[in-house]
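**Q** Take a look at this one; I'll ask things after.
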Amino acid sequence: MARIILDTLSKQYPNGVLAVDALDLTIADGEFFALLGPSGCGKTTLLRTVAGLENATGGRLLSDDRDVTHLPPGKRDIAMVFQDYALFPHMDVADNIAYPLRIRGEHRTQRRAKALETGTGLGLENLMDRRPGQLSGGQQQRVALARAMACQPSVFLFDEPLSNLDARLRLEARTFLKKLQKDLGVTTIFVTHDQAEALAMADRMAVMELGKIRQVGTPAEVFHRPANTFVANFIGSAPMNLLAGETADDGLRIGGFTVPFPHDSPRLPPGTPVTLGARPEYVDVVGTSTPGAMAGTVTIVEYLGATALVSVQIGDERVPDGADPVLGLTVQAMVAEGTEPQIGARIGVTHQPNRSLLYAADTGDLVSGTGSGTGSGTGSGIPGSTAATVSTTP
Amino acid sequence: MPRTAVATDAAGLGRARAGGFVAPALVLVGLFLVFPALWTIYLGLTDYRLTGLAAAAPKMVGLQNFRDALADRFFLNSLWLTLIYVAGSAIIGQTVLGFALAWMMQKVRPSVRGVVETVVLLAWLLPGSVVSFLWWAMLNRRDGTLNALLDTPGYNWLIQHPMLSIIVFNTWRGTAFSMMLFSAALQAVPPSQLESARMAGANGAQQFRDVVFPHIRGHVLTNTLLISLWTFNDFSPYLLTAGGPNHKSEILPAFIYNRAIGTGELGYGAAISLIMLVINLIIALLYLTLLRTRKVKT
Ligand SMILES: Nc1ncnc2c1ncn2[C@@H]1O[C@H](COP(=O)(O)OP(=O)(O)OP(=O)(O)O)[C@@H](O)[C@H]1O
Ligand SMILES: [Mg+2]
């Protein structure tokens with residue numbers, strides 16, 4: 001098993017795209033680490049650079065204390081599971097699983113025995129003679145896993161391994177994969193663009209944007225204390241409300257209303273432009289005249305099953321038909337099913353100061369706030385503790 | 001009004017009228033393909049000659065022509081040369097060189113690739129007679145390009161190395177086809193499978209054996225079938241060496257021409273043609289069987 005260290009690692013493609021931009025990151029031994037980010041942010045490139053399929057154009061990559069930056073992929077003691085599984089169609093399951101052993105020159109009977117052993121652990125014992133074309137998607141995925149496991153590497157790399165599975169199977173595979181990783185204790189880097197997957201499976205995760213890491217932390221830290229508005233907007237089943245306003249002596253001025261500061265906000269001179277971040281889950285629907293509430297008109301109600309997502313246009317009047325809503329002045333609130341207001345109703349919304357955050361308007365970085373809800377084990381109110389782990393390499 | 005034919009086809013023509021439409025094509029095919037083929041079979045059984053008595057009144061000689069052929073050392077020599085020609089220029093030359101080019105072209109810049117492919121394709125598109133003349137100019141004894149390049153004035157390549165000359169000539173001419181076919185095939189190899197093999201530590205040869213070759217095996221077979229048939233029946237080397245010197249490059253098409261037209265033994269030439277046709281069929285059947293067993297396996 002191994003600890004992976006990225007030291008100002010960069011990858012620039014020949015066409016000039018800087019897909020991985022001087023990243024510093026340490027992935028602990030045995031950790032399940034998720035790389036999350038929007039499409040094109042460089043997740044796959046980073047994974048392939050760690051694998052050795054792409055040459056780093058700058059920086060170093062260490063596996064434990066071994067510099068592997070310029071080693072070929074086969075010499076890094078790393079196994080990778082591809083998004084399309086990349087099984088060899090002309091070999092049966094046993095030969096596929098044992099392929100790395102064959103390259104190592106192990107004897108055929110020994111290979112078959114090891115393949116059977118690994119396959120049995122993954123429930124493949126009855127499929128050893130089949131070709132990949134005769135397997136279901138979930139079975140193919142397990143064969144790909146078995147092939148990665150067969151040579152007992154010290155690091156696993158997964159590039160969106162669940163994206164080819166249907167929704168139901170994906171949930172099963174998620175649990176299965178996490179348990180398997182814990183049992184094997186192999187350091188694992190997992191790429192996904194599905195934040196639910198990252199939150200559910202990872203010990204720690206990194207959120208990337210344009211080749212840079214915007215935040216590193218446990219899923220709870222990233223969920224409750226997004227280090228900047230990009231992460232805040234990206235994480236969460238419904239995006240966080242990000243409301244532009246400015247500070248005053250008695251609270252935040254937002255859209256003509258005065259709302260309380262989030263807890264633990266630093267003293268800022270009045271008139272400082274800021275952004276208030278409040279998750280829809282932590283926004284309450286109240287009467288229009290409640291102190292600290294923003295009043296507005298309900299424009300959209302989305303039913304999500306047990307809850308409903310209510311969009312409220314803040315202000316005295318509804319926007320005229322066809323006009324774009326003023327950016328940042330729509331607030332979304334998550335309410336229990338059955339309690340949602342009617343479209344067009346005038347209501348007030350309040351944020352929960354203990355669960356909302358304050359961001360600097362210009363940089364988008366977290367200024368303060370306690371994301372800690374009830375016992376979620378997060379940053380425990382030390383401001384800046386999350387931000388300190390963020391890569392700030394230029 | 002009663003209809004004479006019930007239309008069962010999509011166009012509603014009926015069998016009779018539809019037959020009317022294809023009749024001209026059928027007549028042409030019969031006239032220029034079926035009739036000459038049958039005529040060749042007939043000729044192969046006679047002692048028909050271009051000139052002389054047997055030209056006026058050919059006699060049926062049964063299988064005598066075929067018996068003669070099997071005892072004719074020039075025919076056996078020609079068969080052997082054809083084998084060398086096919087193996088050398090089609091299988092080794094065009095297939096191997098074509099594959100090597102396609103393999104290398106994968107990694108070069110698209111601009112370089114475009115230029116190389118165009119040049120190679122041009123060699124393939126030029127008519128055989130033009131290419132033959134180009135190579136004749138290349139290998140010519142007096143002021144030939146090759147002699148100028150190698151500084152060997154007066155060396156007669158076509159006389160000294162006739163087989164090598166026509167093998168190189170045909171390789172040069174036909175490589176483009178294999179290259180294009182293999183290029184397309186290589187592009188269909190999933191990159192993630194190659195990368196999987198690389199992750200397992202496979203070297204270039206192992207990647208080829210375990211990933212690339214299984215994917216292109218069908219293409220290799222088809223390509224080999226096509227170019228061996230084309231090469232087997234190729235007449236254009238005659239334009240370079242005319243089968244000489246002293247039968248040293250007399251591959252089967254040249255042999256047939258020399259006997260049928262050169263010495264006028266039309267019946268004998270027809271018999272050899274038939275033998276060639278049978279060999280063609282055997283090659284084709286062999287490949288098709290191979291292709292089929294491969295399909296059954298996967
Ligand atoms: N072979 C390549 N040559 C040039 N640019 C590339 C290449 N592969 C990727 N890129 C560019 O690098 C950037 C990062 O791509 P990458 O595939 O790593 O994104 P990703 O985060 O994996 O996205 P997705 O979630 O869509 O898979 C993109 O801008 C992409 O266009
Ligand atoms: Mg990707």
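The chains in the structure tokens are called A, B, ... from first to last as shown; in each chain the residues are counted from 1, and the ligands are counted from 1 in the order shown.
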Counting only C-alpha atoms and all ligand atoms, which protein, DNA or RNA residues come within 8 Å of ligand 1, given as number ranges by chain?
**A** A: 13-20, 37-46, 191-193, 210-211
**Q** At a cut-off of 7 Å, list the chain A residues touching chain B, using only C-alpha atoms, as a PyMOL selection string.
**A** chain A and resi 73-75+79+82+86-88+90+100+103
**Q** Could you pull the residues within 9 Å of Leu81 (chain B), counting only C-alpha atoms, minus those fewer than 5 positions along the same chain, as a VMD selection string?
**A** chain B and resid 76 86 163 248 to 252
**Q** To one decimal in Å, tell me the separation between CA of Ser165 (chain B) and CA of Ser89 (chain B).
**A** 10.3 Å
**Q** List every residue of region 105-284 of chain A that DSSP, applied to the backbone of this structure, assigns to helix (DSSP H, G or I), and report them as a ChimeraX atom specification.
**A** /A:108-121,125-127,132-134,137-150,167-184,195-201,219-224,229-234,280-282
**Q** May I ask for the distance between CA of Arg131 (chain A) and CA of Arg217 (chain B), given in Å to one decimal place?
**A** 17.5 Å
